[in-house]
$ cat start_7.cif   # mmCIF, C-alpha atoms
data_my_file
#
loop_
_atom_site.label_atom_id
_atom_site.label_comp_id
_atom_site.auth_asym_id
_atom_site.auth_seq_id
_atom_site.Cartn_x
_atom_site.Cartn_y
_atom_site.Cartn_z
CA MET A 8 35.34 -63.14 -17.64
CA SER A 9 35.17 -61.54 -14.21
CA LYS A 10 31.90 -60.61 -12.64
CA PRO A 11 31.04 -56.94 -12.08
CA ILE A 12 30.86 -55.83 -8.45
CA VAL A 13 27.94 -53.79 -7.11
CA ALA A 14 28.15 -52.17 -3.66
CA ILE A 15 25.08 -51.11 -1.65
CA VAL A 16 26.06 -47.91 0.14
CA GLY A 17 24.16 -45.49 2.38
CA ARG A 18 23.70 -44.16 5.88
CA PRO A 19 22.99 -46.65 8.69
CA ASN A 20 19.47 -48.01 8.93
CA VAL A 21 18.09 -47.14 5.50
CA GLY A 22 17.43 -50.83 4.72
CA LYS A 23 20.61 -51.96 2.93
CA SER A 24 20.71 -55.38 4.59
CA THR A 25 17.02 -56.01 3.91
CA LEU A 26 17.52 -55.34 0.19
CA PHE A 27 20.71 -57.42 0.20
CA ASN A 28 18.87 -60.40 1.73
CA VAL A 29 15.99 -60.09 -0.76
CA LEU A 30 18.43 -60.12 -3.70
CA ALA A 31 20.64 -62.85 -2.23
CA GLY A 32 17.58 -64.97 -1.54
CA GLU A 33 18.65 -65.85 1.98
CA LYS A 34 19.21 -64.13 5.29
CA ILE A 35 22.89 -63.34 5.25
CA SER A 36 23.11 -59.89 6.85
CA ILE A 37 21.93 -59.28 10.38
CA VAL A 38 18.91 -56.99 10.17
CA GLN A 39 18.23 -55.05 13.35
CA ASP A 40 16.97 -51.59 14.16
CA THR A 41 20.20 -50.36 15.70
CA PRO A 42 22.35 -48.18 13.46
CA GLY A 43 25.63 -49.96 12.78
CA VAL A 44 24.48 -53.57 13.18
CA THR A 45 25.72 -54.69 9.73
CA ARG A 46 29.35 -54.58 10.81
CA ASP A 47 30.48 -57.17 8.33
CA ARG A 48 30.51 -56.35 4.69
CA ILE A 49 29.02 -59.45 3.17
CA TYR A 50 28.92 -60.53 -0.47
CA ALA A 51 26.63 -62.71 -2.58
CA ASP A 52 26.44 -63.81 -6.21
CA ILE A 53 23.35 -62.44 -7.97
CA ASN A 54 21.83 -63.26 -11.35
CA TRP A 55 19.52 -60.85 -13.22
CA LEU A 56 18.51 -61.01 -16.91
CA ASP A 57 21.47 -63.28 -17.80
CA TYR A 58 23.89 -60.98 -15.97
CA ASN A 59 25.90 -62.38 -13.08
CA PHE A 60 27.36 -59.96 -10.58
CA THR A 61 28.69 -59.89 -7.03
CA LEU A 62 26.73 -57.77 -4.57
CA ILE A 63 28.46 -56.27 -1.52
CA ASP A 64 26.59 -55.10 1.56
CA THR A 65 28.45 -52.36 3.41
CA GLY A 66 28.15 -50.97 6.90
CA GLY A 67 26.32 -47.62 6.98
CA ILE A 68 28.31 -44.47 6.33
CA GLU A 69 28.19 -41.77 9.00
CA PRO A 70 30.11 -39.05 7.17
CA GLU A 71 31.55 -37.23 10.19
CA SER A 72 31.20 -39.55 13.16
CA ASP A 73 33.94 -39.87 15.78
CA ASN A 74 32.48 -43.13 17.07
CA ILE A 75 35.23 -45.66 16.33
CA ILE A 76 32.93 -48.37 14.95
CA LEU A 77 31.01 -45.93 12.72
CA LYS A 78 34.31 -44.43 11.59
CA SER A 79 35.67 -47.84 10.64
CA MET A 80 32.41 -48.66 8.86
CA ARG A 81 32.93 -45.52 6.80
CA GLU A 82 36.41 -46.75 5.86
CA GLN A 83 34.99 -50.15 4.89
CA ALA A 84 32.36 -48.50 2.72
CA GLU A 85 35.10 -46.43 1.05
CA ILE A 86 36.90 -49.63 0.13
CA ALA A 87 33.66 -51.11 -1.20
CA ILE A 88 33.20 -47.97 -3.31
CA GLU A 89 36.77 -48.27 -4.62
CA THR A 90 36.31 -51.90 -5.65
CA ALA A 91 32.78 -51.59 -7.08
CA ASP A 92 31.83 -51.16 -10.75
CA VAL A 93 28.38 -49.78 -9.89
CA ILE A 94 27.20 -48.21 -6.63
CA LEU A 95 23.66 -48.59 -5.34
CA PHE A 96 23.17 -45.52 -3.14
CA MET A 97 20.28 -46.13 -0.77
CA THR A 98 18.21 -43.50 1.03
CA ASP A 99 15.06 -43.68 3.17
CA VAL A 100 11.82 -41.98 2.06
CA ARG A 101 10.45 -41.94 5.64
CA GLN A 102 13.42 -40.07 7.06
CA GLY A 103 13.42 -37.80 4.01
CA MET A 104 16.58 -36.31 2.54
CA VAL A 105 18.96 -35.44 5.37
CA ASP A 106 22.26 -33.62 5.51
CA ASP A 107 24.26 -36.82 5.70
CA ASP A 108 22.70 -38.07 2.44
CA ALA A 109 24.14 -35.02 0.69
CA LYS A 110 27.58 -35.67 2.24
CA VAL A 111 27.52 -39.33 1.15
CA ALA A 112 26.39 -38.20 -2.32
CA ASP A 113 29.43 -35.89 -2.54
CA MET A 114 31.72 -38.74 -1.54
CA LEU A 115 30.16 -40.98 -4.21
CA ARG A 116 30.28 -38.35 -6.92
CA ARG A 117 34.04 -38.05 -6.42
CA SER A 118 34.40 -41.80 -7.11
CA LYS A 119 33.37 -41.17 -10.77
CA LYS A 120 31.55 -44.55 -10.70
CA PRO A 121 28.05 -45.15 -12.09
CA ILE A 122 25.57 -44.50 -9.25
CA VAL A 123 22.02 -45.83 -9.03
CA LEU A 124 20.06 -43.73 -6.53
CA VAL A 125 17.52 -45.82 -4.62
CA VAL A 126 14.82 -44.48 -2.30
CA ASN A 127 13.76 -47.30 0.02
CA LYS A 128 10.66 -47.95 2.17
CA VAL A 129 8.26 -46.72 -0.53
CA ASP A 130 5.56 -49.23 0.46
CA SER A 131 2.91 -47.37 -1.53
CA PHE A 132 3.84 -45.51 -4.70
CA GLU A 133 0.67 -43.36 -4.54
CA LYS A 134 1.34 -42.25 -1.00
CA PHE A 135 5.11 -41.68 -1.11
CA MET A 136 5.93 -40.55 -4.69
CA PRO A 137 5.75 -36.81 -3.85
CA ASP A 138 8.40 -37.43 -1.14
CA VAL A 139 10.62 -39.36 -3.59
CA TYR A 140 10.99 -36.28 -5.85
CA GLU A 141 12.87 -34.48 -3.07
CA PHE A 142 15.85 -36.78 -3.73
CA TYR A 143 16.44 -35.18 -7.15
CA ASN A 144 18.20 -32.50 -5.05
CA LEU A 145 21.13 -34.89 -4.52
CA GLY A 146 22.07 -34.32 -8.18
CA LEU A 147 22.54 -38.03 -8.89
CA GLY A 148 19.84 -38.42 -11.54
CA ASP A 149 16.51 -40.19 -11.26
CA PRO A 150 15.69 -41.69 -7.87
CA HIS A 151 14.38 -45.28 -8.07
CA PRO A 152 11.57 -45.88 -5.56
CA ILE A 153 11.61 -49.36 -4.01
CA SER A 154 10.47 -51.24 -0.95
CA GLY A 155 13.03 -53.87 0.12
CA SER A 156 10.65 -55.48 2.60
CA SER A 157 7.61 -55.53 0.24
CA ARG A 158 9.79 -56.29 -2.84
CA LEU A 159 8.34 -53.40 -4.86
CA GLY A 160 10.27 -51.69 -7.68
CA ILE A 161 13.26 -54.05 -7.40
CA GLY A 162 13.13 -55.25 -11.04
CA ASP A 163 13.32 -51.69 -12.43
CA MET A 164 16.19 -50.92 -10.07
CA LEU A 165 18.14 -54.02 -11.22
CA ASP A 166 17.49 -53.15 -14.88
CA GLU A 167 19.20 -49.82 -14.19
CA VAL A 168 22.12 -51.51 -12.38
CA VAL A 169 22.88 -54.00 -15.20
CA SER A 170 22.58 -51.27 -17.85
CA HIS A 171 25.97 -50.02 -16.56
CA PHE A 172 27.81 -53.36 -17.05
CA ASP A 173 28.48 -54.02 -20.72
CA GLU A 174 31.63 -52.18 -21.66
CA SER A 175 33.82 -53.36 -18.78
CA ALA A 176 32.66 -56.92 -19.35
CA LYS A 177 33.70 -56.75 -23.02
CA ASP A 178 37.16 -55.48 -22.14
CA ASP A 179 37.85 -58.45 -19.88
CA VAL A 180 37.19 -61.02 -22.57
CA GLU A 181 40.11 -59.97 -24.76
CA ASP A 182 42.83 -60.37 -22.13
CA GLU A 183 44.00 -63.99 -22.26
CA ARG A 184 47.02 -63.55 -20.00
CA PRO A 185 47.04 -65.70 -16.86
CA ARG A 186 45.83 -63.69 -13.87
CA ILE A 187 47.18 -64.58 -10.46
CA ALA A 188 45.65 -63.09 -7.31
CA ILE A 189 47.97 -62.89 -4.33
CA ILE A 190 45.57 -63.21 -1.39
CA GLY A 191 45.90 -63.46 2.38
CA LYS A 192 45.71 -61.43 5.54
CA PRO A 193 47.45 -58.04 5.78
CA ASN A 194 51.19 -58.11 6.55
CA VAL A 195 51.94 -61.68 5.48
CA GLY A 196 54.26 -60.47 2.72
CA LYS A 197 52.00 -60.36 -0.36
CA SER A 198 53.53 -57.19 -1.82
CA SER A 199 57.05 -58.33 -0.93
CA ILE A 200 56.55 -61.46 -3.03
CA ILE A 201 55.51 -59.40 -6.06
CA ASN A 202 58.39 -56.95 -5.56
CA LYS A 203 60.87 -59.80 -5.28
CA LEU A 204 59.49 -61.43 -8.44
CA LEU A 205 59.85 -58.10 -10.23
CA GLY A 206 63.38 -57.47 -8.97
CA GLU A 207 64.77 -60.94 -9.49
CA ASP A 208 63.60 -61.46 -13.03
CA ARG A 209 64.72 -58.07 -14.37
CA VAL A 210 61.61 -57.98 -16.54
CA ILE A 211 59.87 -55.36 -18.59
CA VAL A 212 57.42 -53.97 -16.07
CA SER A 213 54.62 -51.65 -16.93
CA ASP A 214 51.83 -50.37 -14.77
CA ILE A 215 48.84 -51.68 -16.63
CA ALA A 216 46.13 -49.06 -16.73
CA GLY A 217 44.32 -49.93 -13.51
CA THR A 218 40.95 -51.58 -13.77
CA THR A 219 38.06 -49.95 -11.99
CA ARG A 220 38.53 -52.34 -9.12
CA ASP A 221 42.22 -52.17 -8.39
CA ALA A 222 44.52 -49.25 -8.75
CA VAL A 223 47.35 -51.17 -10.42
CA ASP A 224 47.85 -54.74 -11.54
CA THR A 225 51.46 -55.80 -12.00
CA GLU A 226 52.63 -57.34 -15.25
CA ILE A 227 55.55 -59.74 -15.00
CA VAL A 228 57.17 -61.33 -18.05
CA ARG A 229 59.05 -64.57 -17.46
CA ASN A 230 60.52 -66.85 -20.11
CA GLY A 231 58.58 -64.91 -22.74
CA ARG A 232 55.22 -65.45 -21.02
CA GLU A 233 53.22 -62.58 -19.56
CA TYR A 234 51.45 -62.87 -16.21
CA VAL A 235 49.23 -60.34 -14.49
CA PHE A 236 49.56 -60.32 -10.70
CA ILE A 237 46.66 -58.87 -8.72
CA ASP A 238 47.81 -57.69 -5.31
CA THR A 239 45.18 -57.41 -2.58
CA ALA A 240 47.50 -55.66 -0.16
CA GLY A 241 46.69 -52.02 -0.86
CA LEU A 242 45.01 -51.01 2.37
CA ARG A 243 45.31 -47.26 2.59
CA ARG A 244 44.80 -46.97 6.32
CA LYS A 245 45.40 -49.28 9.22
CA SER A 246 42.30 -49.58 11.33
CA LYS A 247 42.45 -49.46 15.11
CA ILE A 248 40.12 -52.43 15.32
CA LYS A 249 41.63 -55.74 14.30
CA GLU A 250 38.39 -57.23 12.96
CA ASP A 251 38.01 -54.35 10.52
CA ILE A 252 41.34 -55.15 8.93
CA GLU A 253 40.03 -58.68 8.52
CA ARG A 254 36.89 -57.40 6.83
CA TYR A 255 38.92 -55.20 4.50
CA SER A 256 40.94 -58.20 3.41
CA ILE A 257 37.76 -60.18 2.72
CA ILE A 258 36.36 -57.53 0.34
CA ARG A 259 39.71 -57.08 -1.39
CA THR A 260 39.89 -60.83 -1.77
CA VAL A 261 36.44 -61.15 -3.34
CA SER A 262 37.16 -58.54 -5.99
CA ALA A 263 40.62 -59.95 -6.79
CA VAL A 264 39.48 -63.58 -6.88
CA GLU A 265 36.66 -62.69 -9.31
CA ARG A 266 39.31 -61.64 -11.82
CA CYS A 267 41.94 -64.37 -11.41
CA ASN A 268 42.59 -67.85 -12.82
CA VAL A 269 44.80 -68.90 -9.93
CA ALA A 270 44.83 -67.68 -6.33
CA VAL A 271 48.01 -67.81 -4.25
CA LEU A 272 47.12 -67.80 -0.55
CA VAL A 273 50.07 -66.40 1.40
CA ILE A 274 50.40 -67.63 4.99
CA ASP A 275 52.86 -66.26 7.55
CA ALA A 276 55.06 -69.15 8.72
CA THR A 277 55.78 -67.37 12.02
CA GLU A 278 52.04 -67.29 12.82
CA GLY A 279 50.92 -70.60 11.33
CA ILE A 280 47.55 -71.02 9.63
CA THR A 281 44.62 -69.11 11.17
CA ASP A 282 40.81 -69.10 10.86
CA GLN A 283 41.09 -65.93 8.79
CA ASP A 284 43.38 -67.73 6.30
CA ALA A 285 40.76 -70.49 5.99
CA LYS A 286 38.01 -67.88 5.33
CA ILE A 287 40.06 -66.22 2.60
CA ALA A 288 40.94 -69.57 1.00
CA GLY A 289 37.24 -70.50 1.05
CA ILE A 290 36.42 -67.54 -1.24
CA ALA A 291 38.73 -68.88 -3.96
CA HIS A 292 37.48 -72.45 -3.43
CA ASP A 293 33.81 -71.41 -3.72
CA ARG A 294 34.58 -69.67 -7.00
CA GLY A 295 36.37 -72.69 -8.45
CA LYS A 296 39.79 -71.06 -8.86
CA GLY A 297 43.15 -72.82 -9.09
CA MET A 298 44.82 -72.76 -5.67
CA ILE A 299 48.38 -72.53 -4.39
CA ILE A 300 49.25 -72.10 -0.71
CA ALA A 301 52.54 -70.26 -0.21
CA VAL A 302 53.96 -70.37 3.32
CA ASN A 303 56.07 -67.20 3.44
CA LYS A 304 58.86 -66.19 5.88
CA TRP A 305 60.07 -69.82 5.90
CA ASP A 306 63.60 -68.50 6.47
CA ALA A 307 62.47 -67.14 9.87
CA ILE A 308 61.51 -70.57 11.24
CA GLU A 309 63.85 -72.77 13.27
CA LYS A 310 63.64 -76.14 11.61
CA ASN A 311 64.31 -79.77 12.33
CA ASP A 312 63.53 -82.84 10.22
CA LYS A 313 59.85 -82.78 11.29
CA THR A 314 59.03 -79.07 10.84
CA ILE A 315 57.83 -79.24 7.26
CA TYR A 316 55.65 -82.30 7.95
CA LYS A 317 54.08 -80.67 11.01
CA PHE A 318 53.28 -77.48 9.03
CA THR A 319 51.90 -79.47 6.10
CA GLU A 320 49.64 -81.49 8.39
CA GLU A 321 48.30 -78.38 10.15
CA ILE A 322 47.49 -76.68 6.83
CA ARG A 323 45.88 -79.80 5.33
CA ASN A 324 43.71 -80.23 8.45
CA LYS A 325 42.60 -76.59 8.51
CA LEU A 326 41.93 -76.54 4.75
CA SER A 327 40.55 -80.08 4.55
CA TYR A 328 37.97 -78.94 1.95
CA MET A 329 40.76 -78.25 -0.57
CA PRO A 330 43.15 -81.21 -0.48
CA TYR A 331 44.00 -80.44 -4.13
CA ALA A 332 45.76 -77.14 -3.29
CA GLU A 333 49.49 -77.05 -4.09
CA LEU A 334 51.74 -76.22 -1.14
CA LEU A 335 55.05 -74.30 -1.26
CA PHE A 336 57.38 -73.04 1.48
CA ILE A 337 58.98 -69.77 0.35
CA SER A 338 60.71 -66.62 1.51
CA ALA A 339 60.08 -63.27 -0.17
CA GLN A 340 63.02 -61.92 1.82
CA THR A 341 65.65 -64.34 0.47
CA GLY A 342 63.88 -65.40 -2.74
CA GLN A 343 63.87 -69.04 -1.55
CA ARG A 344 61.75 -71.22 -3.91
CA LEU A 345 60.20 -68.24 -5.74
CA PRO A 346 61.18 -69.67 -9.17
CA LYS A 347 59.25 -72.80 -8.11
CA LEU A 348 56.19 -70.55 -7.63
CA PHE A 349 56.12 -69.79 -11.38
CA GLU A 350 56.48 -73.47 -12.29
CA THR A 351 53.59 -74.31 -9.96
CA ILE A 352 51.43 -71.48 -11.37
CA ASP A 353 52.01 -72.81 -14.92
CA ALA A 354 51.08 -76.35 -13.85
CA VAL A 355 47.92 -75.20 -12.05
CA ILE A 356 46.81 -73.06 -15.03
CA GLU A 357 47.22 -76.09 -17.28
CA ASN A 358 45.25 -78.36 -14.92
CA HIS A 359 42.51 -75.75 -14.50
CA SER A 360 41.90 -75.89 -18.29
CA LEU A 361 42.43 -79.62 -18.77
CA ARG A 362 39.83 -81.59 -20.78
CA ILE A 363 39.44 -85.38 -20.56
CA ALA A 364 37.90 -87.40 -23.40
CA THR A 365 34.47 -88.85 -22.58
CA GLY A 366 35.54 -92.42 -23.42
CA VAL A 367 38.45 -92.26 -20.98
CA LEU A 368 36.23 -90.82 -18.21
CA ASN A 369 33.71 -93.63 -18.64
CA GLU A 370 36.47 -96.25 -18.43
CA ILE A 371 37.68 -94.72 -15.16
CA MET A 372 34.12 -94.65 -13.81
CA SER A 373 33.41 -98.28 -14.80
CA GLU A 374 36.59 -99.44 -13.05
CA ALA A 375 35.73 -97.37 -9.97
CA VAL A 376 32.21 -98.89 -9.80
CA ALA A 377 33.64 -102.41 -10.19
CA MET A 378 36.08 -101.80 -7.32
CA GLN A 379 33.55 -100.26 -4.96
CA GLN A 380 29.83 -100.96 -5.22
CA PRO A 381 27.63 -97.83 -5.36
CA PRO A 382 25.49 -97.30 -2.24
CA SER A 383 21.90 -98.53 -1.95
CA ASP A 384 18.94 -97.49 0.16
CA LYS A 385 15.78 -99.48 0.98
CA GLY A 386 16.71 -102.10 -1.57
CA LYS A 387 17.33 -99.61 -4.38
CA ARG A 388 20.90 -99.40 -5.64
CA LEU A 389 22.53 -96.39 -7.26
CA LYS A 390 23.42 -96.90 -10.93
CA LEU A 391 25.94 -94.68 -12.72
CA TYR A 392 25.21 -94.58 -16.46
CA TYR A 393 27.56 -92.07 -18.01
CA ILE A 394 30.05 -89.28 -17.24
CA THR A 395 31.18 -86.41 -19.46
CA GLN A 396 33.17 -83.20 -18.99
CA VAL A 397 31.13 -80.10 -19.81
CA ALA A 398 33.43 -77.19 -18.85
CA VAL A 399 36.91 -76.08 -17.78
CA LYS A 400 38.10 -73.40 -15.32
CA PRO A 401 37.29 -75.33 -13.15
CA PRO A 402 36.96 -78.76 -14.83
CA THR A 403 33.25 -79.62 -14.50
CA PHE A 404 31.75 -83.08 -14.98
CA VAL A 405 28.16 -84.30 -15.32
CA ILE A 406 27.34 -87.80 -14.05
CA PHE A 407 24.03 -89.37 -15.17
CA VAL A 408 22.52 -91.69 -12.53
CA ASN A 409 19.22 -93.47 -11.89
CA ASP A 410 18.49 -91.60 -8.62
CA LYS A 411 20.16 -88.37 -7.46
CA GLU A 412 19.20 -89.01 -3.84
CA LEU A 413 21.35 -92.16 -3.77
CA MET A 414 24.47 -90.34 -5.06
CA HIS A 415 25.95 -89.57 -1.68
CA PHE A 416 28.63 -86.89 -1.34
CA SER A 417 31.16 -89.53 -0.26
CA TYR A 418 30.65 -91.59 -3.45
CA THR A 419 31.06 -88.46 -5.60
CA ARG A 420 34.31 -87.81 -3.71
CA TYR A 421 35.38 -91.42 -4.40
CA ILE A 422 34.82 -90.94 -8.18
CA GLU A 423 36.69 -87.60 -7.98
CA ASN A 424 39.65 -89.32 -6.31
CA ARG A 425 39.77 -91.98 -9.05
CA ILE A 426 39.84 -89.23 -11.73
CA ARG A 427 42.57 -87.39 -9.83
CA GLU A 428 44.63 -90.59 -9.56
CA SER A 429 44.61 -90.85 -13.36
CA PHE A 430 45.04 -87.18 -14.30
CA GLY A 431 46.37 -85.37 -11.24
CA PHE A 432 44.45 -82.11 -11.56
CA ARG A 433 46.77 -80.76 -8.88
CA GLY A 434 45.95 -77.27 -7.72
CA THR A 435 42.45 -77.17 -9.21
CA PRO A 436 39.05 -77.97 -7.74
CA LEU A 437 36.77 -80.31 -9.71
CA LYS A 438 33.04 -79.69 -9.93
CA PHE A 439 30.45 -82.47 -10.26
CA ILE A 440 26.85 -82.09 -11.40
CA ILE A 441 24.59 -85.11 -10.81
CA ARG A 442 21.73 -85.59 -13.29
CA GLU A 443 18.95 -88.14 -13.19
CA ARG A 444 18.11 -90.26 -16.19
CA LYS A 445 15.23 -92.68 -15.97
CA GLU A 446 15.94 -96.33 -16.69
CA LYS A 447 14.74 -97.43 -20.10
#
$ encode --input "start_7.cif" --output "structure tokens"
Amino acid sequence: MSKPIVAIVGRPNVGKSTLFNVLAGEKISIVQDTPGVTRDRIYADINWLDYNFTLIDTGGIEPESDNIILKSMREQAEIAIETADVILFMTDVRQGMVDDDAKVADMLRRSKKPIVLVVNKVDSFEKFMPDVYEFYNLGLGDPHPISGSSRLGIGDMLDEVVSHFDESAKDDVEDERPRIAIIGKPNVGKSSIINKLLGEDRVIVSDIAGTTRDAVDTEIVRNGREYVFIDTAGLRRKSKIKEDIERYSIIRTVSAVERCNVAVLVIDATEGITDQDAKIAGIAHDRGKGMIIAVNKWDAIEKNDKTIYKFTEEIRNKLSYMPYAELLFISAQTGQRLPKLFETIDAVIENHSLRIATGVLNEIMSEAVAMQQPPSDKGKRLKLYYITQVAVKPPTFVIFVNDKELMHFSYTRYIENRIRESFGFRGTPLKFIIRERKEK
């Protein structure tokens, strides 16, 4: 089931980043008293009352500014609004209700999304409550008084946010079709790949009623199996500033990856792999999704017998944290190796849901331990008692040991490699949880 997305929206300097950092539990956004400092929209996973959701921090909206950075921040915020399930609209009790708040409220009302109106900087309810009532004039329902910096009123506000989740969450459960997110920077050929897949396979295509987060997902039927492709390409406007396009693609990626089983990262062969590609891939890796890297425009590259090896090496070095990712060289233009993409997607979906019997896992672990002694520290040696698989999507294993501190990352990686040697798990990350069990 995908996680709902909540966007914090409001004019610059009303305290969005402060609230974001309080909820995320760490300082992620830059907080500074200059309007427009939170240039990057940043996201974090939040848990409240057994609900998990993704929170997005947006740049402030200046409804009619000509300043190019403020203008692009407004465009970013619009994209956040488009992709969000619930909008947290933040205002500032000390500045009072200003004209721009009303303009932002109009913009939000048109989105037809649930809106939670928050009045920030209410450090004393007794002192500021009369000023909070003024915000009823925005016509967005009850204002929720909070203080991000003093952490007042935040629980009530979150109760209101999660009260808007249920129905969409229920709908997602029923759809068992594989969901594939086509991710990557703008203009690498993501939409062309989907169009080519549609055209080549002469399939029954229907525009699935768009979810709240994406206008249209594309359904493709191949060999009797239905797939839903989530395209992250739909940027409505090109921004004048290159970094903003990068930020747009990050937010699109987060919302698409939340809803997919497998992510296909599309890289432009004529450009090679970039830092931005690595950032986008990291989002899918962090969320434990199956991963395929598709190097597009392969037909446009002059090749010799070493080209493919050189490309492979560059990609593996840049994405060294995901050696499991499947790699394909394709062309949306000519259709080269696109049928192979479906075969790879099927294999990755299968691996992402693969379960291994506990007995078999423990045999693999015993052999691994016999071949390479576990590490020791100050005379105390690590002992591995037992391993079992507790989840799929991604496959997740719990290893019981005598001392967590001794289970170094490199030894976990060694055990992972032994499991992969036996079962492949190509295209899927594996997750390991280390638990301590006292010696009897």
$ resolve_selection --input "start_7.cif" --expression "the PyMOL selection byres ((chain A and resi 300) around 8)" --output "count of residues only"
12
$ atom_distance --input "start_7.cif" --atom1 "CA of Glu412 in chain A" --atom2 "CA of Phe439 in chain A"
14.5 Å
$ resolve_selection --input "start_7.cif" --expression "the PyMOL selection byres ((chain A and resi 235) around 9)" --output "list in words"
Arg184, Pro185, Arg186, Ile187, Ala188, Ile215, Asp224, Thr225, Glu226, Ile227, Val228, Glu233, Tyr234, Phe236, Ile237 and Cys267 of chain A
$ write_last_selection --input "start_7.cif" --atoms "C-alpha atoms" --output "PDB file, in the frame of the given file"
ATOM      1  CA  ARG A 184      47.020 -63.550 -20.000  1.00  0.00           C
ATOM      2  CA  PRO A 185      47.040 -65.700 -16.860  1.00  0.00           C
ATOM      3  CA  ARG A 186      45.830 -63.690 -13.870  1.00  0.00           C
ATOM      4  CA  ILE A 187      47.180 -64.580 -10.460  1.00  0.00           C
ATOM      5  CA  ALA A 188      45.650 -63.090  -7.310  1.00  0.00           C
ATOM      6  CA  ILE A 215      48.840 -51.680 -16.630  1.00  0.00           C
ATOM      7  CA  ASP A 224      47.850 -54.740 -11.540  1.00  0.00           C
ATOM      8  CA  THR A 225      51.460 -55.800 -12.000  1.00  0.00           C
ATOM      9  CA  GLU A 226      52.630 -57.340 -15.250  1.00  0.00           C
ATOM     10  CA  ILE A 227      55.550 -59.740 -15.000  1.00  0.00           C
ATOM     11  CA  VAL A 228      57.170 -61.330 -18.050  1.00  0.00           C
ATOM     12  CA  GLU A 233      53.220 -62.580 -19.560  1.00  0.00           C
ATOM     13  CA  TYR A 234      51.450 -62.870 -16.210  1.00  0.00           C
ATOM     14  CA  PHE A 236      49.560 -60.320 -10.700  1.00  0.00           C
ATOM     15  CA  ILE A 237      46.660 -58.870  -8.720  1.00  0.00           C
ATOM     16  CA  CYS A 267      41.940 -64.370 -11.410  1.00  0.00           C
TER      17      CYS A 267
END
$ resolve_selection --input "start_7.cif" --expression "the PyMOL selection byres ((chain A and resi 431) around 12)" --output "PyMOL selection string"
chain A and resi 330-333+354-355+357-359+361+363+423-430+432-437
$ closest_residue --input "start_7.cif" --among "A:Asp107, A:Asp113, A:Glu133, A:Asp282" --to "Gly191 in chain A" --atoms "all atoms listed in the file"
A:Asp282
$ residues_around --input "start_7.cif" --residues "range 94-106 of chain A" --least-positions-apart "2" --cutoff "6 Å" --atoms "all atoms listed in the file" --output "tab-separated table (two decimals) with C-alpha atoms, keeping the file's coordinate frame"
chain	number	residue	atom	x	y	z
A	13	VAL	CA	27.94	-53.79	-7.11
A	14	ALA	CA	28.15	-52.17	-3.66
A	15	ILE	CA	25.08	-51.11	-1.65
A	16	VAL	CA	26.06	-47.91	0.14
A	17	GLY	CA	24.16	-45.49	2.38
A	21	VAL	CA	18.09	-47.14	5.50
A	108	ASP	CA	22.70	-38.07	2.44
A	109	ALA	CA	24.14	-35.02	0.69
A	122	ILE	CA	25.57	-44.50	-9.25
A	123	VAL	CA	22.02	-45.83	-9.03
A	124	LEU	CA	20.06	-43.73	-6.53
A	125	VAL	CA	17.52	-45.82	-4.62
A	126	VAL	CA	14.82	-44.48	-2.30
A	127	ASN	CA	13.76	-47.30	0.02
$ closest_residue --input "start_7.cif" --among "A:Pro346, A:Pro137, A:Gly148, A:Gly206" --to "Asn230 in chain A" --atoms "all atoms listed in the file"
A:Pro346
$ atom_distance --input "start_7.cif" --atom1 "CA of Asp52 in chain A" --atom2 "CA of Pro401 in chain A"
17.3 Å
$ atom_distance --input "start_7.cif" --atom1 "CA of Phe27 in chain A" --atom2 "CA of Asp64 in chain A"
6.5 Å
$ residues_near_point --input "start_7.cif" --point "(52.5, -73.2, 12.8)" --cutoff "7 Å" --atoms "all atoms listed in the file" --output "number ranges by chain"
A: 276-280, 318
